[in-house]
Amino acid sequence: MTRTAAERGSHRKPSPLVSILPIVVLIALLFFTIRLLGSDALSGGSQVCLLVATALCVLVGMAGYGVDWKAYDHAITQNIAGVSTALIILLIIGSLSAAWMLSGVVPTLIYYGVQIIHPQFFLLSSCLICAAISVMTGSSWTTIATIGIALMGIGRAEGFDEGWTAGAIISGAYFGDKVSPLSDTTVLAASSTGTPLFTHIRYMLFTTIPSIATSLAVFLVAGLMHNPGTPAEMMAFTDTLADRFHISPWVLVVPVLTGVMIARKVPSIITLFLSTMLAAVCMLVFQTDIVREIAGEGLSETDTLLKGTLLSLCGSTELETGNAALNELVATRGMSGMLGTVWLILCAMCLGGAMTASGMLGSITSLFVRLASRLTTMVASTVGCGLFLNLATADQYISIILTGNIFKDIYKQNGYEPRLLSRTTEDAVTVTSVLIPWNTCGMTQATILNVSTMTYLPYCVFNYISPLMSILMAATGFRIYRALKR
């Protein structure tokens with residue numbers, strides 16, 4: 001029985017040169033799109049770039065290698081299903097950010113923070129605060145969406161470049177996300193490589209501690225070199241904030257109760273939702289005038305408060321403070337402000353699914369496997385593969401699983417413990433995901449902090465030192481052991 005050309009072609013795999021084509025096209029398109037549209041690229045331009053790269057991938061796979069459309073459909077559907085929970089969290093975070101701002105939680109934290117944190121130690125303090133909270137919560141997203149927003153406000157008040165502030169926040173948040181036993185990425189990296197969780201965490205400390213220590217030193221020096229605003233300027237900033245919002249320690253019950261829920265390991269979605277509702281109540285109690293202003297006139301008191309609350313949580317708001325920088329700080333986008341990011345994530349998942357179904361992903365990663373002959377090249381190949389998967393799949397969870405599965409047998413055949421693979425995987429994938437503009441993490445943090453990925457990327461010291469530290473440890477052989485033979 002004679003096979004069709006499609007059937008014969010289905011056994012062929014695209015070469016690495018062909019497989020890299022959609023990624024090259026994507027990067028080129030994004031370069032021109034970002035250059036032409038700037039921050040507006042997330043409003044549609046970047047999404048189109050991702051879909052064009054996806055279409056190219058599908059076209060090459062179907063026409064040149066006989067890949068059936070059903071394979072693409074299944075892979076794309078699976079990818080989107082895998083990030084569905086993250087999309088819900090993202091929408092809730094949009095409401096949470098608005099509620100924390102308009103309820104007075106963030107303004108109160110800024111008001112007291114400017115007075116407590118010395119400007120020259122602000123970057124160092126921001127990194128340490130976010131690291132501590134992220135270790136306790138196990139979530140970089142939650143940390144950045146709550147205390148991170150407040151620290152961005154303090155940074156602006158003290159005259160710091162937003163890239164430095166965001167870099168310190170992200171460095172601290174991803175340190176905690178990486179070493180916390182509550183972190184889903186930490187659990188995933190350990191489980192996908194067959195490493196006991198606490199063995200994985202303890203072994204990561206050999207690369208993570210030097211990385212965060214170096215980062216803290218950089219932030220300390222940068223802070224000491226910073227020329228802060230005059231006390232009069234900062235006083236004017238906080239006074240304006242106090243004139244616009246009702247500053248009260250009572251609103252801090254919201255972050256306190258949120259911390260309690262996190263400590264009791266309440267699921268992230270429930271914690272974020274309840275925190276949003278608590279902040280909405282505080283908004284009605286302490287910031288009634290602002291709620292009325294958002295709702296507009298012509299309604300009864302009850303309808304005004306209800307409309308103002310709904311608009312605050314779901315839509316964009318702008319408040320006039322008499323200070324342009326403060327106007328930008330207190331402006332909110334609510335749940336609708338996250339829709340562009342949701343759209344971008346969906347398009348990124350389409351590309352990741354198409355790359356997987358076409359065999360292009362496997363073809364490229366096979367190159368990294370071929371390099372894994374010696375210890376240093378094996379670890380460097382793992383780092384390179386993890387970074388590439390972050391670029392190609394646009395999702396850290398998929399990248400962690402694939403990296404672990406690709407290299408598991410190689411590490412075993414070369415006689416190395418699985419904890420070396422789990423550590424390298426997390427050093428390479430978890431922390432670099434936020435540095436890629438179209439990755440779910442990069443898109444999310446840029447949206448939450450209102451700072452483009454390319455703006456904060458040079459200042460995320462911890463995030464690009466971590467994978468380099470993993471390679472350095474392999475090159476020196478420090479604390480790297482062979483597996484015991486049985």
# chains A, B, ... in the order shown; residues from 1 in each chain; ligands from 1
>>> residues_around(residues="Asp395 of chain A", least_positions_apart="6", cutoff="12 Å", atoms="only C-alpha atoms", output="ChimeraX atom specification")
/A:79-80,82-83,86,185,344-353,386-389,401-402,429-444
>>> write_last_selection(atoms="N, CA and C atoms", output="compact mmCIF listing (two decimals), in the first residue's frame")
# COMPACT_ATOMS: atom_id res chain seq x y z
N ASN A 79 -2.12 24.48 25.31
CA ASN A 79 -1.33 25.59 25.83
C ASN A 79 -2.21 26.64 26.49
N ILE A 80 -3.30 26.99 25.83
CA ILE A 80 -4.20 28.02 26.37
C ILE A 80 -4.86 27.52 27.65
N GLY A 82 -3.58 25.56 29.74
CA GLY A 82 -2.56 25.55 30.79
C GLY A 82 -2.37 26.89 31.48
N VAL A 83 -2.74 27.99 30.79
CA VAL A 83 -2.57 29.32 31.41
C VAL A 83 -3.91 29.94 31.82
N ALA A 86 -3.85 31.40 35.26
CA ALA A 86 -3.03 32.62 35.28
C ALA A 86 -3.81 33.81 34.71
N THR A 185 6.55 27.34 40.94
CA THR A 185 7.68 27.05 40.04
C THR A 185 8.75 26.23 40.74
N LEU A 344 -2.38 39.28 24.62
CA LEU A 344 -1.01 38.97 24.25
C LEU A 344 -0.63 37.56 24.68
N ILE A 345 -1.03 37.16 25.87
CA ILE A 345 -0.73 35.82 26.37
C ILE A 345 -1.38 34.76 25.48
N LEU A 346 -2.62 34.99 25.09
CA LEU A 346 -3.32 34.03 24.23
C LEU A 346 -2.58 33.86 22.90
N CYS A 347 -2.12 34.97 22.33
CA CYS A 347 -1.38 34.89 21.07
C CYS A 347 -0.03 34.19 21.26
N ALA A 348 0.62 34.45 22.40
CA ALA A 348 1.89 33.79 22.69
C ALA A 348 1.71 32.28 22.85
N MET A 349 0.60 31.88 23.46
CA MET A 349 0.32 30.45 23.60
C MET A 349 0.07 29.78 22.26
N CYS A 350 -0.49 30.53 21.31
CA CYS A 350 -0.68 30.00 19.96
C CYS A 350 0.67 29.68 19.32
N LEU A 351 1.63 30.59 19.47
CA LEU A 351 2.96 30.36 18.90
C LEU A 351 3.63 29.17 19.57
N GLY A 352 3.55 29.10 20.90
CA GLY A 352 4.16 27.98 21.62
C GLY A 352 3.58 26.65 21.19
N GLY A 353 2.26 26.59 21.03
CA GLY A 353 1.61 25.36 20.59
C GLY A 353 2.02 24.97 19.18
N GLY A 386 16.71 26.41 28.43
CA GLY A 386 15.65 27.02 29.24
C GLY A 386 15.31 28.42 28.77
N LEU A 387 16.35 29.20 28.46
CA LEU A 387 16.13 30.56 27.98
C LEU A 387 15.43 30.54 26.62
N PHE A 388 15.87 29.64 25.74
CA PHE A 388 15.22 29.54 24.44
C PHE A 388 13.75 29.15 24.58
N LEU A 389 13.46 28.20 25.46
CA LEU A 389 12.08 27.76 25.64
C LEU A 389 11.22 28.90 26.20
N ILE A 401 8.99 22.33 32.59
CA ILE A 401 8.67 20.92 32.35
C ILE A 401 9.50 20.37 31.18
N LEU A 402 9.55 21.13 30.07
CA LEU A 402 10.29 20.66 28.90
C LEU A 402 11.78 20.56 29.17
N VAL A 429 15.21 29.28 33.96
CA VAL A 429 13.85 29.52 33.46
C VAL A 429 13.06 30.51 34.32
N THR A 430 12.93 30.22 35.61
CA THR A 430 12.07 31.03 36.47
C THR A 430 12.44 32.50 36.44
N VAL A 431 13.72 32.79 36.61
CA VAL A 431 14.14 34.18 36.76
C VAL A 431 14.26 34.94 35.45
N THR A 432 14.44 34.22 34.32
CA THR A 432 14.58 34.93 33.04
C THR A 432 13.25 35.17 32.34
N SER A 433 12.20 34.49 32.79
CA SER A 433 10.89 34.65 32.13
C SER A 433 10.41 36.09 32.16
N VAL A 434 10.73 36.81 33.23
CA VAL A 434 10.25 38.19 33.39
C VAL A 434 11.04 39.17 32.51
N LEU A 435 12.14 38.71 31.92
CA LEU A 435 12.96 39.58 31.07
C LEU A 435 12.53 39.56 29.61
N ILE A 436 11.57 38.71 29.26
CA ILE A 436 11.14 38.54 27.87
C ILE A 436 9.80 39.24 27.67
N PRO A 437 9.73 40.23 26.79
CA PRO A 437 8.52 41.06 26.67
C PRO A 437 7.25 40.28 26.35
N TRP A 438 7.34 39.19 25.58
CA TRP A 438 6.13 38.47 25.22
C TRP A 438 5.89 37.22 26.08
N ASN A 439 6.75 36.98 27.05
CA ASN A 439 6.51 35.89 28.00
C ASN A 439 5.40 36.32 28.97
N THR A 440 4.64 35.36 29.49
CA THR A 440 3.55 35.70 30.40
C THR A 440 4.03 36.53 31.58
N CYS A 441 5.22 36.20 32.11
CA CYS A 441 5.75 36.95 33.26
C CYS A 441 6.17 38.36 32.86
N GLY A 442 6.89 38.47 31.75
CA GLY A 442 7.32 39.79 31.29
C GLY A 442 6.14 40.71 31.01
N MET A 443 5.12 40.17 30.35
CA MET A 443 3.93 40.96 30.04
C MET A 443 3.20 41.39 31.32
N THR A 444 3.07 40.45 32.24
CA THR A 444 2.32 40.72 33.46
C THR A 444 2.99 41.79 34.32
>>> select_by_dssp(residues="segment 342-431 of chain A", states="helix (DSSP H, G or I)", output="PyMOL selection string")
chain A and resi 342-358+360-370+375-393+396-413+418-428
>>> write_last_selection(atoms="C-alpha atoms", output="mmCIF file, in the first residue's frame")
data_model
loop_
_atom_site.group_PDB
_atom_site.id
_atom_site.type_symbol
_atom_site.label_atom_id
_atom_site.label_comp_id
_atom_site.auth_asym_id
_atom_site.auth_seq_id
_atom_site.Cartn_x
_atom_site.Cartn_y
_atom_site.Cartn_z
ATOM 1 C CA VAL A 342 -4.542 38.639 28.315
ATOM 2 C CA TRP A 343 -4.782 39.048 24.547
ATOM 3 C CA LEU A 344 -1.008 38.970 24.249
ATOM 4 C CA ILE A 345 -0.731 35.819 26.366
ATOM 5 C CA LEU A 346 -3.319 34.031 24.228
ATOM 6 C CA CYS A 347 -1.376 34.894 21.071
ATOM 7 C CA ALA A 348 1.892 33.788 22.690
ATOM 8 C CA MET A 349 0.316 30.446 23.600
ATOM 9 C CA CYS A 350 -0.684 29.995 19.958
ATOM 10 C CA LEU A 351 2.965 30.361 18.900
ATOM 11 C CA GLY A 352 4.161 27.985 21.617
ATOM 12 C CA GLY A 353 1.613 25.355 20.589
ATOM 13 C CA ALA A 354 2.483 25.701 16.901
ATOM 14 C CA MET A 355 6.220 25.365 17.609
ATOM 15 C CA THR A 356 5.563 22.193 19.610
ATOM 16 C CA ALA A 357 3.175 20.567 17.129
ATOM 17 C CA SER A 358 5.394 21.260 14.121
ATOM 18 C CA MET A 360 10.382 22.840 15.512
ATOM 19 C CA LEU A 361 10.744 23.095 19.281
ATOM 20 C CA GLY A 362 12.174 19.596 19.529
ATOM 21 C CA SER A 363 14.514 20.212 16.615
ATOM 22 C CA ILE A 364 16.049 23.297 18.216
ATOM 23 C CA THR A 365 16.346 21.813 21.695
ATOM 24 C CA SER A 366 18.156 18.800 20.218
ATOM 25 C CA LEU A 367 21.035 21.171 19.436
ATOM 26 C CA PHE A 368 21.446 21.921 23.132
ATOM 27 C CA VAL A 369 21.391 18.206 23.938
ATOM 28 C CA ARG A 370 24.295 17.562 21.540
ATOM 29 C CA LEU A 375 29.844 19.302 32.955
ATOM 30 C CA THR A 376 30.197 22.976 32.029
ATOM 31 C CA THR A 377 28.741 22.576 28.535
ATOM 32 C CA MET A 378 25.939 20.408 29.930
ATOM 33 C CA VAL A 379 24.899 23.068 32.430
ATOM 34 C CA ALA A 380 25.381 25.856 29.879
ATOM 35 C CA SER A 381 23.258 23.888 27.387
ATOM 36 C CA THR A 382 20.531 23.523 30.018
ATOM 37 C CA VAL A 383 20.612 27.278 30.667
ATOM 38 C CA GLY A 384 20.530 28.039 26.957
ATOM 39 C CA CYS A 385 17.692 25.594 26.365
ATOM 40 C CA GLY A 386 15.646 27.023 29.237
ATOM 41 C CA LEU A 387 16.127 30.560 27.977
ATOM 42 C CA PHE A 388 15.219 29.541 24.439
ATOM 43 C CA LEU A 389 12.079 27.763 25.644
ATOM 44 C CA ASN A 390 11.080 30.909 27.524
ATOM 45 C CA LEU A 391 11.435 32.775 24.242
ATOM 46 C CA ALA A 392 9.626 30.164 22.132
ATOM 47 C CA THR A 393 6.806 28.968 24.404
ATOM 48 C CA GLN A 396 7.746 29.529 32.355
ATOM 49 C CA TYR A 397 5.726 26.479 33.429
ATOM 50 C CA ILE A 398 5.956 24.831 30.011
ATOM 51 C CA SER A 399 9.649 25.737 29.829
ATOM 52 C CA ILE A 400 10.409 24.195 33.230
ATOM 53 C CA ILE A 401 8.674 20.923 32.346
ATOM 54 C CA LEU A 402 10.293 20.659 28.897
ATOM 55 C CA THR A 403 13.784 21.511 30.152
ATOM 56 C CA GLY A 404 13.535 18.915 32.909
ATOM 57 C CA ASN A 405 12.267 16.220 30.539
ATOM 58 C CA ILE A 406 14.841 16.977 27.826
ATOM 59 C CA PHE A 407 17.895 16.777 30.103
ATOM 60 C CA LYS A 408 16.795 14.265 32.760
ATOM 61 C CA ASP A 409 18.323 11.223 31.057
ATOM 62 C CA ILE A 410 21.450 13.146 29.999
ATOM 63 C CA TYR A 411 22.289 14.119 33.582
ATOM 64 C CA LYS A 412 21.599 10.568 34.688
ATOM 65 C CA GLN A 413 23.790 9.052 31.942
ATOM 66 C CA PRO A 418 19.018 15.240 39.653
ATOM 67 C CA ARG A 419 19.269 18.205 42.026
ATOM 68 C CA LEU A 420 21.899 19.711 39.696
ATOM 69 C CA LEU A 421 19.334 19.649 36.886
ATOM 70 C CA SER A 422 16.525 21.024 39.053
ATOM 71 C CA ARG A 423 18.732 23.905 40.241
ATOM 72 C CA THR A 424 19.968 24.734 36.747
ATOM 73 C CA THR A 425 16.432 24.603 35.376
ATOM 74 C CA GLU A 426 15.166 27.109 37.918
ATOM 75 C CA ASP A 427 18.241 29.325 37.541
ATOM 76 C CA ALA A 428 17.632 29.387 33.798
#
>>> atom_distance(atom1="atom CA of Gly94 of chain A", atom2="atom CA of Cys49 of chain A")
24.8 Å
>>> residues_around(residues="segment 321-337 of chain A", least_positions_apart="3", cutoff="6 Å", atoms="only C-alpha atoms", output="ChimeraX atom specification")
/A:91,94-95,98,313-318
>>> atom_distance(atom1="atom CA of Pro14 of chain A", atom2="atom CA of Gly66 of chain A")
10.6 Å
>>> atom_distance(atom1="atom CA of Gly415 of chain A", atom2="atom CA of Met204 of chain A")
19.2 Å
>>> closest_residue(among="A:Ser470, A:Thr304, A:Ser126, A:Thr276", to="Gly167 of chain A", atoms="only C-alpha atoms")
A:Ser126
>>> residues_around(residues="Tyr459 of chain A", least_positions_apart="3", cutoff="12 Å", atoms="only C-alpha atoms", output="number ranges by chain")
A: 123, 127, 161-172, 215-216, 218-219, 222, 435, 453-456, 462-465
>>> write_last_selection(atoms="C-alpha atoms", output="compact mmCIF listing (two decimals), in the first residue's frame")
# COMPACT_ATOMS: atom_id res chain seq x y z
CA LEU A 123 16.63 50.35 46.36
CA CYS A 127 14.72 44.42 47.12
CA ASP A 161 14.40 56.24 37.74
CA GLU A 162 11.48 53.83 37.30
CA GLY A 163 13.79 51.23 35.74
CA TRP A 164 15.94 51.06 38.89
CA THR A 165 12.91 50.81 41.17
CA ALA A 166 11.23 48.10 39.09
CA GLY A 167 14.54 46.22 38.83
CA ALA A 168 14.95 46.16 42.63
CA ILE A 169 11.34 45.06 43.13
CA ILE A 170 11.53 42.29 40.53
CA SER A 171 14.94 41.07 41.73
CA GLY A 172 13.65 40.68 45.29
CA SER A 215 22.32 42.29 43.48
CA LEU A 216 21.99 43.89 46.91
CA VAL A 218 24.60 46.85 43.22
CA PHE A 219 21.39 48.37 44.61
CA ALA A 222 23.20 52.78 43.12
CA LEU A 435 12.96 39.58 31.07
CA THR A 453 10.06 45.22 30.00
CA MET A 454 12.92 46.81 28.06
CA THR A 455 13.00 49.69 30.57
CA TYR A 456 13.46 47.53 33.67
CA PHE A 462 19.41 39.13 40.20
CA ASN A 463 17.54 37.80 37.17
CA TYR A 464 20.46 37.75 34.77
CA ILE A 465 23.17 36.94 37.33
>>> closest_residue(among="A:Ser19, A:Thr199, A:Thr476, A:Ser191", to="Val60 of chain A", atoms="only C-alpha atoms")
A:Ser19
>>> closest_residue(among="A:Pro210, A:Gly359, A:Pro22, A:Gly104", to="Val291 of chain A", atoms="only C-alpha atoms")
A:Gly104
>>> residues_around(residues="Ile89 of chain A", least_positions_apart="2", cutoff="9 Å", atoms="only C-alpha atoms", output="count of residues only")
12
>>> residues_around(residues="segment 256-258 of chain A", least_positions_apart="5", cutoff="12 Å", atoms="only C-alpha atoms", output="PyMOL selection string")
chain A and resi 96+100+105+133+136-137+142-143+146-147+249-251+263-279
